[in-house]
$ cat model33.cif   # mmCIF, C-alpha atoms and all ligand atoms
data_structure
#
loop_
_atom_site.label_atom_id
_atom_site.label_comp_id
_atom_site.auth_asym_id
_atom_site.auth_seq_id
_atom_site.Cartn_x
_atom_site.Cartn_y
_atom_site.Cartn_z
CA MET A 8 -54.96 -140.93 -27.04
CA GLU A 9 -54.93 -143.63 -24.35
CA ILE A 10 -57.56 -146.32 -24.98
CA SER A 11 -58.90 -148.15 -21.94
CA HIS A 12 -59.34 -151.93 -22.16
CA ALA A 13 -57.82 -152.10 -25.64
CA ASP A 14 -57.54 -155.89 -25.32
CA LYS A 15 -61.23 -156.42 -24.71
CA VAL A 16 -62.62 -158.73 -27.41
CA PHE A 17 -65.25 -156.87 -29.46
CA TYR A 18 -65.83 -159.35 -32.33
CA PRO A 19 -65.33 -162.83 -30.86
CA GLY A 20 -65.79 -164.63 -34.20
CA GLU A 21 -62.93 -162.67 -35.75
CA GLY A 22 -60.90 -162.31 -32.57
CA LEU A 23 -60.91 -158.52 -32.98
CA THR A 24 -60.43 -156.29 -29.97
CA LYS A 25 -61.46 -152.78 -29.02
CA GLY A 26 -57.91 -151.76 -29.89
CA ASP A 27 -58.39 -153.16 -33.41
CA VAL A 28 -61.59 -151.13 -33.76
CA VAL A 29 -59.93 -147.88 -32.68
CA GLU A 30 -56.99 -148.64 -34.96
CA TYR A 31 -59.42 -149.24 -37.85
CA TYR A 32 -61.10 -145.86 -37.36
CA ARG A 33 -57.69 -144.18 -37.18
CA ALA A 34 -56.74 -145.82 -40.48
CA VAL A 35 -59.90 -144.86 -42.40
CA ALA A 36 -60.37 -141.38 -40.88
CA HIS A 37 -59.08 -139.69 -44.05
CA VAL A 38 -61.83 -141.21 -46.21
CA MET A 39 -64.56 -141.35 -43.56
CA LEU A 40 -64.42 -137.85 -42.05
CA PRO A 41 -65.69 -136.02 -45.16
CA HIS A 42 -68.90 -138.04 -44.78
CA LEU A 43 -69.33 -137.21 -41.08
CA ARG A 44 -68.30 -133.56 -41.02
CA GLY A 45 -71.06 -131.17 -39.95
CA ARG A 46 -73.75 -133.84 -39.60
CA PRO A 47 -75.76 -134.75 -36.53
CA LEU A 48 -74.67 -138.24 -35.50
CA THR A 49 -76.36 -141.19 -33.92
CA LEU A 50 -73.85 -143.53 -32.29
CA ARG A 51 -74.40 -147.22 -31.93
CA ARG A 52 -72.36 -148.11 -28.87
CA PHE A 53 -71.31 -151.54 -27.67
CA PRO A 54 -68.87 -150.90 -24.81
CA ASP A 55 -68.49 -154.67 -24.22
CA GLY A 56 -68.37 -155.74 -27.87
CA ILE A 57 -71.10 -157.08 -30.14
CA GLU A 58 -72.21 -159.77 -27.73
CA GLY A 59 -72.71 -157.28 -24.90
CA GLN A 60 -75.39 -154.65 -24.41
CA GLY A 61 -75.64 -152.13 -27.23
CA TRP A 62 -77.79 -149.07 -27.90
CA PHE A 63 -78.47 -146.27 -30.37
CA GLN A 64 -77.29 -143.08 -28.70
CA LYS A 65 -78.70 -139.89 -30.20
CA HIS A 66 -77.47 -137.40 -27.66
CA PRO A 67 -74.02 -136.78 -26.20
CA GLY A 68 -73.02 -138.62 -23.05
CA GLU A 69 -72.76 -136.46 -19.94
CA HIS A 70 -69.13 -137.43 -19.46
CA PHE A 71 -68.05 -136.48 -23.01
CA PRO A 72 -65.19 -133.96 -22.80
CA ASP A 73 -65.69 -130.32 -23.86
CA SER A 74 -63.54 -130.93 -26.93
CA ILE A 75 -66.39 -132.96 -28.48
CA ARG A 76 -68.53 -130.74 -30.71
CA VAL A 77 -72.18 -130.68 -29.70
CA GLU A 78 -74.82 -128.78 -31.67
CA SER A 79 -78.44 -128.16 -30.92
CA VAL A 80 -80.77 -129.00 -33.77
CA PRO A 81 -84.46 -128.10 -34.05
CA ARG A 82 -86.83 -130.86 -33.11
CA ARG A 83 -89.99 -131.30 -35.15
CA GLY A 84 -92.87 -130.13 -33.03
CA GLY A 85 -90.76 -127.61 -31.13
CA GLY A 86 -87.66 -127.39 -29.00
CA THR A 87 -84.19 -128.57 -29.85
CA ASP A 88 -82.03 -131.64 -29.36
CA ASP A 89 -78.30 -131.84 -28.80
CA TYR A 90 -76.26 -133.96 -31.18
CA VAL A 91 -72.62 -134.94 -31.38
CA VAL A 92 -70.82 -133.80 -34.56
CA CYS A 93 -67.57 -135.45 -35.63
CA ASP A 94 -65.35 -133.16 -37.67
CA ASP A 95 -61.90 -134.50 -36.89
CA ALA A 96 -59.81 -137.61 -36.30
CA GLU A 97 -59.48 -136.95 -32.56
CA THR A 98 -63.25 -137.02 -32.11
CA LEU A 99 -63.57 -140.15 -34.24
CA GLU A 100 -60.94 -141.86 -32.13
CA TYR A 101 -62.54 -140.71 -28.90
CA LEU A 102 -65.97 -142.00 -29.92
CA ALA A 103 -64.49 -145.33 -31.05
CA GLY A 104 -62.75 -145.52 -27.68
CA GLN A 105 -66.18 -145.12 -26.08
CA GLY A 106 -67.23 -148.37 -27.72
CA THR A 107 -68.98 -146.79 -30.72
CA LEU A 108 -69.03 -149.45 -33.40
CA GLU A 109 -71.54 -147.85 -35.79
CA PHE A 110 -71.78 -144.21 -36.88
CA HIS A 111 -75.10 -143.13 -38.38
CA VAL A 112 -75.48 -139.73 -40.05
CA TRP A 113 -78.24 -137.37 -41.03
CA LEU A 114 -78.80 -136.51 -44.69
CA SER A 115 -78.39 -132.84 -43.85
CA THR A 116 -75.92 -130.78 -41.83
CA VAL A 117 -76.37 -128.85 -38.59
CA ASP A 118 -76.14 -125.59 -40.55
CA ALA A 119 -79.24 -126.44 -42.60
CA PRO A 120 -81.00 -129.39 -41.00
CA GLU A 121 -84.16 -128.88 -43.08
CA ARG A 122 -82.27 -128.74 -46.40
CA PRO A 123 -80.89 -132.22 -47.09
CA ASP A 124 -77.75 -132.47 -49.21
CA ARG A 125 -78.22 -136.21 -49.68
CA MET A 126 -81.04 -138.50 -50.68
CA VAL A 127 -80.80 -142.24 -50.20
CA LEU A 128 -82.76 -145.34 -51.12
CA ASP A 129 -82.12 -148.35 -48.93
CA LEU A 130 -82.61 -151.81 -50.50
CA ASP A 131 -83.86 -154.30 -47.95
CA PRO A 132 -84.02 -157.81 -49.42
CA PRO A 133 -85.87 -160.76 -47.93
CA ASP A 134 -83.81 -163.80 -46.96
CA GLY A 135 -82.51 -165.80 -49.89
CA THR A 136 -82.43 -162.96 -52.43
CA PRO A 137 -79.65 -163.68 -54.97
CA VAL A 138 -77.00 -160.97 -54.80
CA ALA A 139 -77.06 -160.67 -58.61
CA GLU A 140 -80.68 -159.57 -58.40
CA LEU A 141 -79.88 -157.02 -55.71
CA ARG A 142 -77.07 -155.59 -57.83
CA ALA A 143 -79.43 -155.34 -60.80
CA VAL A 144 -81.93 -153.42 -58.67
CA ALA A 145 -79.19 -151.02 -57.56
CA ARG A 146 -78.35 -150.37 -61.23
CA ARG A 147 -82.01 -149.90 -62.04
CA ILE A 148 -82.22 -147.28 -59.31
CA ARG A 149 -79.19 -145.56 -60.81
CA ASP A 150 -80.94 -145.38 -64.19
CA HIS A 151 -83.97 -143.75 -62.61
CA TYR A 152 -81.80 -141.25 -60.72
CA GLU A 153 -79.97 -140.32 -63.91
CA ARG A 154 -83.20 -139.78 -65.79
CA ALA A 155 -84.14 -137.30 -63.08
CA GLY A 156 -80.80 -135.49 -63.41
CA LEU A 157 -79.29 -137.00 -60.26
CA THR A 158 -75.92 -138.73 -59.94
CA ALA A 159 -76.06 -142.09 -58.18
CA PHE A 160 -73.50 -143.47 -55.74
CA VAL A 161 -73.71 -146.95 -54.25
CA GLN A 162 -72.49 -148.53 -51.04
CA ALA A 163 -72.69 -152.00 -49.56
CA SER A 164 -74.45 -151.50 -46.23
CA GLY A 165 -72.14 -153.93 -44.46
CA GLY A 166 -75.30 -155.87 -43.69
CA ARG A 167 -77.90 -157.30 -46.03
CA GLY A 168 -78.42 -154.70 -48.71
CA PHE A 169 -77.12 -151.77 -50.74
CA HIS A 170 -77.74 -148.04 -50.40
CA VAL A 171 -78.04 -145.83 -53.49
CA LEU A 172 -77.37 -142.18 -52.71
CA ALA A 173 -77.68 -138.94 -54.65
CA PRO A 174 -75.97 -135.70 -53.60
CA LEU A 175 -78.27 -132.66 -53.56
CA ASP A 176 -77.72 -128.91 -53.68
CA ALA A 177 -79.27 -128.42 -50.20
CA LYS A 178 -81.78 -125.90 -51.55
CA SER A 179 -84.94 -127.99 -51.25
CA ASP A 180 -86.82 -128.75 -48.04
CA THR A 181 -86.92 -132.15 -46.39
CA GLU A 182 -90.50 -132.64 -47.58
CA VAL A 183 -89.51 -132.15 -51.23
CA VAL A 184 -86.63 -134.60 -50.89
CA LEU A 185 -88.82 -137.15 -49.12
CA GLU A 186 -91.44 -136.79 -51.85
CA LEU A 187 -88.77 -137.17 -54.55
CA SER A 188 -87.41 -140.33 -52.91
CA ARG A 189 -90.91 -141.81 -52.72
CA VAL A 190 -91.68 -140.99 -56.35
CA LEU A 191 -88.40 -142.60 -57.38
CA ALA A 192 -88.92 -145.70 -55.24
CA ASP A 193 -92.45 -146.11 -56.63
CA ALA A 194 -91.19 -145.71 -60.21
CA VAL A 195 -88.48 -148.32 -59.69
CA ALA A 196 -90.94 -150.72 -58.05
CA ALA A 197 -93.41 -150.23 -60.92
CA ASP A 198 -90.77 -151.63 -63.32
CA ASP A 199 -90.92 -155.01 -61.59
CA PRO A 200 -93.86 -155.18 -59.17
CA ASP A 201 -93.50 -158.93 -58.65
CA ARG A 202 -90.05 -158.51 -57.13
CA LEU A 203 -89.99 -154.96 -55.74
CA THR A 204 -92.20 -153.18 -53.26
CA THR A 205 -92.50 -149.89 -51.41
CA ALA A 206 -95.19 -151.18 -49.04
CA GLN A 207 -94.73 -149.82 -45.52
CA ARG A 208 -96.46 -152.80 -43.96
CA LYS A 209 -94.33 -155.89 -43.71
CA GLU A 210 -97.23 -158.28 -44.39
CA LYS A 211 -97.80 -156.57 -47.73
CA ARG A 212 -94.22 -156.94 -48.89
CA GLY A 213 -94.34 -160.71 -49.14
CA ASP A 214 -91.14 -162.10 -50.57
CA ARG A 215 -90.19 -158.92 -52.38
CA ILE A 216 -87.27 -156.53 -52.05
CA PHE A 217 -88.28 -153.46 -50.07
CA LEU A 218 -87.21 -150.07 -51.46
CA ASP A 219 -87.01 -147.99 -48.32
CA ALA A 220 -87.39 -144.23 -48.81
CA ASN A 221 -88.01 -143.54 -45.12
CA ARG A 222 -84.37 -142.69 -44.48
CA ASN A 223 -85.13 -139.29 -46.09
CA GLY A 224 -87.47 -138.05 -43.40
CA TYR A 225 -86.39 -135.36 -40.97
CA ALA A 226 -83.91 -136.54 -38.31
CA GLN A 227 -83.54 -139.96 -39.97
CA THR A 228 -80.13 -141.49 -40.52
CA PHE A 229 -78.28 -143.97 -42.65
CA VAL A 230 -75.08 -145.78 -41.78
CA ALA A 231 -72.04 -143.63 -42.54
CA PRO A 232 -69.61 -144.78 -45.24
CA TYR A 233 -66.78 -146.80 -43.68
CA SER A 234 -68.65 -147.36 -40.42
CA LEU A 235 -68.21 -150.84 -39.01
CA ARG A 236 -71.32 -152.87 -38.32
CA ALA A 237 -72.02 -154.40 -34.93
CA ARG A 238 -72.64 -157.82 -36.43
CA PRO A 239 -70.59 -160.99 -36.71
CA GLY A 240 -68.07 -160.60 -39.53
CA ALA A 241 -66.95 -157.09 -38.52
CA ALA A 242 -68.02 -155.78 -41.92
CA ALA A 243 -67.88 -152.12 -42.87
CA ALA A 244 -70.34 -150.02 -44.86
CA THR A 245 -68.42 -149.79 -48.11
CA PRO A 246 -68.76 -147.18 -50.86
CA LEU A 247 -68.20 -148.79 -54.26
CA ASP A 248 -67.28 -147.76 -57.74
CA TRP A 249 -70.15 -148.86 -59.98
CA ARG A 250 -67.81 -151.24 -61.75
CA GLU A 251 -66.95 -152.89 -58.42
CA LEU A 252 -70.61 -153.64 -57.77
CA GLY A 253 -70.45 -156.75 -59.96
CA LYS A 254 -68.30 -158.52 -57.40
CA ALA A 255 -69.42 -156.81 -54.20
CA GLU A 256 -71.50 -158.46 -51.51
CA PRO A 257 -73.90 -156.42 -49.34
CA ALA A 258 -71.67 -157.27 -46.38
CA GLY A 259 -68.87 -155.37 -48.09
CA TRP A 260 -65.49 -156.14 -46.68
CA GLY A 261 -64.40 -157.05 -43.18
CA LEU A 262 -62.44 -154.68 -40.96
CA ALA A 263 -59.00 -155.92 -41.96
CA LYS A 264 -59.66 -155.98 -45.70
CA GLU A 265 -61.38 -152.61 -45.69
CA LYS A 266 -58.44 -151.06 -43.86
CA GLN A 267 -56.00 -152.46 -46.43
CA ARG A 268 -58.24 -151.48 -49.31
CA MET A 269 -58.57 -147.86 -48.23
CA ALA A 270 -54.85 -147.55 -47.57
CA ARG A 271 -54.27 -147.78 -51.33
CA LYS A 272 -57.56 -146.78 -52.91
CA GLU A 273 -59.23 -143.40 -53.23
CA ASP A 274 -62.70 -142.99 -51.75
CA PRO A 275 -65.22 -143.94 -54.48
CA TRP A 276 -67.47 -141.23 -53.02
CA ARG A 277 -64.87 -138.46 -52.96
CA ASP A 278 -66.58 -136.45 -55.75
CA LEU A 279 -70.03 -136.55 -54.18
CA ASP A 280 -70.45 -132.82 -53.65
CA GLN A 281 -69.35 -131.93 -57.18
CA HIS A 282 -72.46 -133.75 -58.41
CA ALA A 283 -74.97 -132.02 -56.16
CA ALA A 284 -78.29 -131.65 -57.99
CA SER A 285 -81.63 -129.96 -57.38
CA ALA A 286 -84.32 -132.11 -55.78
CA GLU A 287 -86.98 -129.73 -57.00
CA ALA A 288 -85.80 -129.96 -60.60
CA ALA A 289 -85.63 -133.75 -60.33
CA LEU A 290 -89.15 -133.91 -58.97
CA LYS A 291 -90.43 -131.70 -61.82
CA GLN A 292 -88.75 -133.98 -64.32
CA LEU A 293 -90.63 -136.97 -62.91
CA THR A 294 -94.11 -135.62 -62.25
P1 LIG A 301 -79.12 -153.71 -43.96
O1 LIG A 301 -78.43 -153.72 -45.29
O2 LIG A 301 -78.81 -154.95 -43.19
O3 LIG A 301 -80.58 -153.40 -44.08
P2 LIG A 301 -79.01 -151.04 -42.95
O4 LIG A 301 -77.96 -150.18 -42.39
O5 LIG A 301 -79.62 -150.58 -44.22
O6 LIG A 301 -78.42 -152.52 -43.11
P3 LIG A 301 -81.71 -150.98 -41.81
O7 LIG A 301 -82.26 -151.88 -40.76
O8 LIG A 301 -82.29 -151.08 -43.17
O9 LIG A 301 -80.11 -151.24 -41.81
O10 LIG A 301 -81.83 -149.52 -41.25
C1 LIG A 301 -81.51 -148.43 -42.03
C2 LIG A 301 -80.97 -147.33 -41.17
O11 LIG A 301 -81.96 -146.87 -40.27
C3 LIG A 301 -79.81 -147.73 -40.25
O12 LIG A 301 -78.57 -147.74 -40.92
C4 LIG A 301 -79.88 -146.64 -39.21
O13 LIG A 301 -79.20 -145.47 -39.61
C5 LIG A 301 -81.36 -146.37 -39.10
N1 LIG A 301 -81.94 -147.04 -37.93
C6 LIG A 301 -82.48 -148.26 -37.89
N2 LIG A 301 -82.94 -148.55 -36.65
C7 LIG A 301 -82.67 -147.47 -35.88
C8 LIG A 301 -82.89 -147.14 -34.50
N3 LIG A 301 -83.49 -147.98 -33.66
N4 LIG A 301 -82.48 -145.94 -34.06
C9 LIG A 301 -81.87 -145.07 -34.89
N5 LIG A 301 -81.64 -145.32 -36.20
C10 LIG A 301 -82.03 -146.50 -36.70
MN MN A 302 -81.25 -151.53 -45.14
MN MN A 303 -84.30 -150.23 -44.14
#
$ encode --input "model33.cif" --output "structure tokens" --more "lines below"
Ligand code: ATP
Ligand code: MN
Ligand code: MN
Amino acid sequence: MEISHADKVFYPGEGLTKGDVVEYYRAVAHVMLPHLRGRPLTLRRFPDGIEGQGWFQKHPGEHFPDSIRVESVPRRGGGTDDYVVCDDAETLEYLAGQGTLEFHVWLSTVDAPERPDRMVLDLDPPDGTPVAELRAVARRIRDHYERAGLTAFVQASGGRGFHVLAPLDAKSDTEVVLELSRVLADAVAADDPDRLTTAQRKEKRGDRIFLDANRNGYAQTFVAPYSLRARPGAAAATPLDWRELGKAEPAGWGLAKEKQRMARKEDPWRDLDQHAASAEAALKQLT
């Protein structure tokens, strides 16, 4: 595929161009695509690089070619919305060529939008939080998941925090999954209320780490594994083995390192669907 303006600088601090970005997505497609396939996407596009104008794009551009899969998904409150779905390397490359730096995915697929097959807790730390503490919170979340019969997977967000995800059997409704995620977040926060909070209002959080369950609501997204971030550093959202967490930073690895890493390493999240569990059963266990 011919990429226009491949020399345009997208990450000035790292001297990385649009061509480097497209090349990155080509290189990680084999590990990234399983996490995009079938899911409504929100694209975060920066056609002039991270210092130019950027926006979250929920719906397909009018000029997108017919080869790009578009699916209509029910909208809460009636009607439908069209979303781009990325099932293959050609689409990934095309979207990267359109200046998409970040790919955000739903926790359900277009075939069953109201039956999430993922649940995620997003750890949002205040400035100055030691990374060791953040790692310990991620492990604490894993313990709570396991007690509820869920298998926990962790990723560095490529930004400031970690995401702890559990695969689900896609048999429970969004509301059950959202309730489960809130019960879990509250239980984790109750272990250490001086340091952890689930308060929706920022003023109430103080200097505590926010355990964000809101990603589990209908039509909400989280950043897809291996997506770059549109921030200085050109970091990628990075799935981790639990034993890698001890040395991982929330910013994960930069574009070049991530590309090298995934050329020789298997995806730490490759077994996700083999561990799919029931949200309903987990909720019963906890309440
Ligand atoms: P960090 O570790 O720095 O918090 P993050 O990816 O977790 O990185 P958040 O700000 O916590 O970033 O947001 C969580 C997720 O919410 C994002 O990854 C994205 O999928 C979604 N999101 C946030 N803002 C928007 C928005 N304006 N439009 C669409 N989705 C959004
Ligand atoms: Mn976050
Ligand atoms: Mn958040």
$ closest_atom_pairs --input "model33.cif" --of "chain A" --to "ligand LIG 301 (chain A)" --cutoff "7 Å" --atoms "all atoms listed in the file" --output "tab-separated table"
residue	atom	partner	partner_atom	distance
A:Thr49	CA	A:LIG301	C9	6.8
A:Phe63	CA	A:LIG301	N4	5.5
A:His111	CA	A:LIG301	O13	4.9
A:Val112	CA	A:LIG301	O13	6.9
A:Asp129	CA	A:LIG301	O5	5.8
A:Leu130	CA	A:LIG301	O3	6.9
A:Asp131	CA	A:LIG301	O3	5.2
A:Ser164	CA	A:LIG301	O1	4.7
A:Gly165	CA	A:LIG301	O1	6.3
A:Gly166	CA	A:LIG301	O2	3.7
A:Arg167	CA	A:LIG301	O1	3.7
A:Gly168	CA	A:LIG301	O1	3.6
A:Phe169	CA	A:LIG301	O1	5.9
A:His170	CA	A:LIG301	O5	6.9
A:Arg222	CA	A:LIG301	O11	6.4
A:Gln227	CA	A:LIG301	N5	6.8
A:Thr228	CA	A:LIG301	O13	4.2
A:Phe229	CA	A:LIG301	O13	3.5
A:Val230	CA	A:LIG301	O12	4.1
A:Pro257	CA	A:LIG301	O1	6.6
$ atom_distance --input "model33.cif" --atom1 "CA of Ser74 in chain A" --atom2 "CA of Ser115 in chain A"
22.6 Å
$ atom_distance --input "model33.cif" --atom1 "CA of Arg51 in chain A" --atom2 "CA of Met269 in chain A"
22.7 Å
$ closest_residue --input "model33.cif" --among "A:Asn221, A:Ser11, A:Gln162, A:Thr136" --to "Pro246 in chain A" --atoms "all atoms listed in the file"
A:Gln162
$ residues_around --input "model33.cif" --residues "Met126 in chain A" --least-positions-apart "2" --cutoff "9 Å" --atoms "only C-alpha atoms" --output "PDB file with C-alpha atoms, in the frame of the given file"
ATOM      1  CA  LEU A 114     -78.800-136.510 -44.690  1.00  0.00           C
ATOM      2  CA  PRO A 123     -80.890-132.220 -47.090  1.00  0.00           C
ATOM      3  CA  ASP A 124     -77.750-132.470 -49.210  1.00  0.00           C
ATOM      4  CA  LEU A 128     -82.760-145.340 -51.120  1.00  0.00           C
ATOM      5  CA  VAL A 171     -78.040-145.830 -53.490  1.00  0.00           C
ATOM      6  CA  LEU A 172     -77.370-142.180 -52.710  1.00  0.00           C
ATOM      7  CA  ALA A 173     -77.680-138.940 -54.650  1.00  0.00           C
ATOM      8  CA  PRO A 174     -75.970-135.700 -53.600  1.00  0.00           C
ATOM      9  CA  LEU A 175     -78.270-132.660 -53.560  1.00  0.00           C
ATOM     10  CA  VAL A 184     -86.630-134.600 -50.890  1.00  0.00           C
ATOM     11  CA  LEU A 185     -88.820-137.150 -49.120  1.00  0.00           C
ATOM     12  CA  LEU A 187     -88.770-137.170 -54.550  1.00  0.00           C
ATOM     13  CA  SER A 188     -87.410-140.330 -52.910  1.00  0.00           C
ATOM     14  CA  ALA A 220     -87.390-144.230 -48.810  1.00  0.00           C
ATOM     15  CA  ARG A 222     -84.370-142.690 -44.480  1.00  0.00           C
ATOM     16  CA  ASN A 223     -85.130-139.290 -46.090  1.00  0.00           C
ATOM     17  CA  ALA A 286     -84.320-132.110 -55.780  1.00  0.00           C
TER      18      ALA A 286
END
$ closest_atom_pairs --input "model33.cif" --of "range 12-76 of chain A" --to "range 84-106 of chain A" --cutoff "9 Å" --atoms "all atoms listed in the file" --output "JSON lines"
{"residue": "A:Ala13", "atom": "CA", "partner": "A:Gly104", "partner_atom": "CA", "distance": 8.5}
{"residue": "A:Phe17", "atom": "CA", "partner": "A:Gly106", "partner_atom": "CA", "distance": 8.9}
{"residue": "A:Lys25", "atom": "CA", "partner": "A:Gly106", "partner_atom": "CA", "distance": 7.4}
{"residue": "A:Gly26", "atom": "CA", "partner": "A:Gly104", "partner_atom": "CA", "distance": 8.2}
{"residue": "A:Val28", "atom": "CA", "partner": "A:Ala103", "partner_atom": "CA", "distance": 7.0}
{"residue": "A:Val29", "atom": "CA", "partner": "A:Ala103", "partner_atom": "CA", "distance": 5.5}
{"residue": "A:Glu30", "atom": "CA", "partner": "A:Glu100", "partner_atom": "CA", "distance": 8.3}
{"residue": "A:Tyr32", "atom": "CA", "partner": "A:Glu100", "partner_atom": "CA", "distance": 6.6}
{"residue": "A:Arg33", "atom": "CA", "partner": "A:Glu100", "partner_atom": "CA", "distance": 6.4}
{"residue": "A:Ala36", "atom": "CA", "partner": "A:Ala96", "partner_atom": "CA", "distance": 6.0}
{"residue": "A:His37", "atom": "CA", "partner": "A:Ala96", "partner_atom": "CA", "distance": 8.1}
{"residue": "A:Leu40", "atom": "CA", "partner": "A:Asp94", "partner_atom": "CA", "distance": 6.5}
{"residue": "A:Pro41", "atom": "CA", "partner": "A:Asp94", "partner_atom": "CA", "distance": 8.0}
{"residue": "A:Leu43", "atom": "CA", "partner": "A:Cys93", "partner_atom": "CA", "distance": 6.0}
{"residue": "A:Arg44", "atom": "CA", "partner": "A:Asp94", "partner_atom": "CA", "distance": 4.5}
{"residue": "A:Gly45", "atom": "CA", "partner": "A:Val92", "partner_atom": "CA", "distance": 6.0}
{"residue": "A:Arg46", "atom": "CA", "partner": "A:Val92", "partner_atom": "CA", "distance": 5.8}
{"residue": "A:Pro47", "atom": "CA", "partner": "A:Val92", "partner_atom": "CA", "distance": 5.4}
{"residue": "A:Leu48", "atom": "CA", "partner": "A:Val91", "partner_atom": "CA", "distance": 5.7}
{"residue": "A:Thr49", "atom": "CA", "partner": "A:Val91", "partner_atom": "CA", "distance": 7.7}
{"residue": "A:Leu50", "atom": "CA", "partner": "A:Leu102", "partner_atom": "CA", "distance": 8.4}
{"residue": "A:Arg51", "atom": "CA", "partner": "A:Gly106", "partner_atom": "CA", "distance": 8.4}
{"residue": "A:Arg52", "atom": "CA", "partner": "A:Gly106", "partner_atom": "CA", "distance": 5.3}
{"residue": "A:Phe53", "atom": "CA", "partner": "A:Gly106", "partner_atom": "CA", "distance": 5.2}
{"residue": "A:Pro54", "atom": "CA", "partner": "A:Gly106", "partner_atom": "CA", "distance": 4.2}
{"residue": "A:Asp55", "atom": "CA", "partner": "A:Gly106", "partner_atom": "CA", "distance": 7.3}
{"residue": "A:Gly56", "atom": "CA", "partner": "A:Gly106", "partner_atom": "CA", "distance": 7.5}
{"residue": "A:Lys65", "atom": "CA", "partner": "A:Tyr90", "partner_atom": "CA", "distance": 6.5}
{"residue": "A:His66", "atom": "CA", "partner": "A:Tyr90", "partner_atom": "CA", "distance": 5.1}
{"residue": "A:Pro67", "atom": "CA", "partner": "A:Val91", "partner_atom": "CA", "distance": 5.7}
{"residue": "A:Ser74", "atom": "CA", "partner": "A:Thr98", "partner_atom": "CA", "distance": 8.0}
{"residue": "A:Ile75", "atom": "CA", "partner": "A:Thr98", "partner_atom": "CA", "distance": 6.3}
{"residue": "A:Arg76", "atom": "CA", "partner": "A:Val92", "partner_atom": "CA", "distance": 5.4}
$ residues_around --input "model33.cif" --residues "Gly213 in chain A" --least-positions-apart "3" --cutoff "9 Å" --atoms "only C-alpha atoms" --output "list in words"
Pro133, Thr204, Lys209, Glu210 and Ile216 of chain A
$ atom_distance --input "model33.cif" --atom1 "CA of Gln207 in chain A" --atom2 "CA of Ile148 in chain A"
18.8 Å
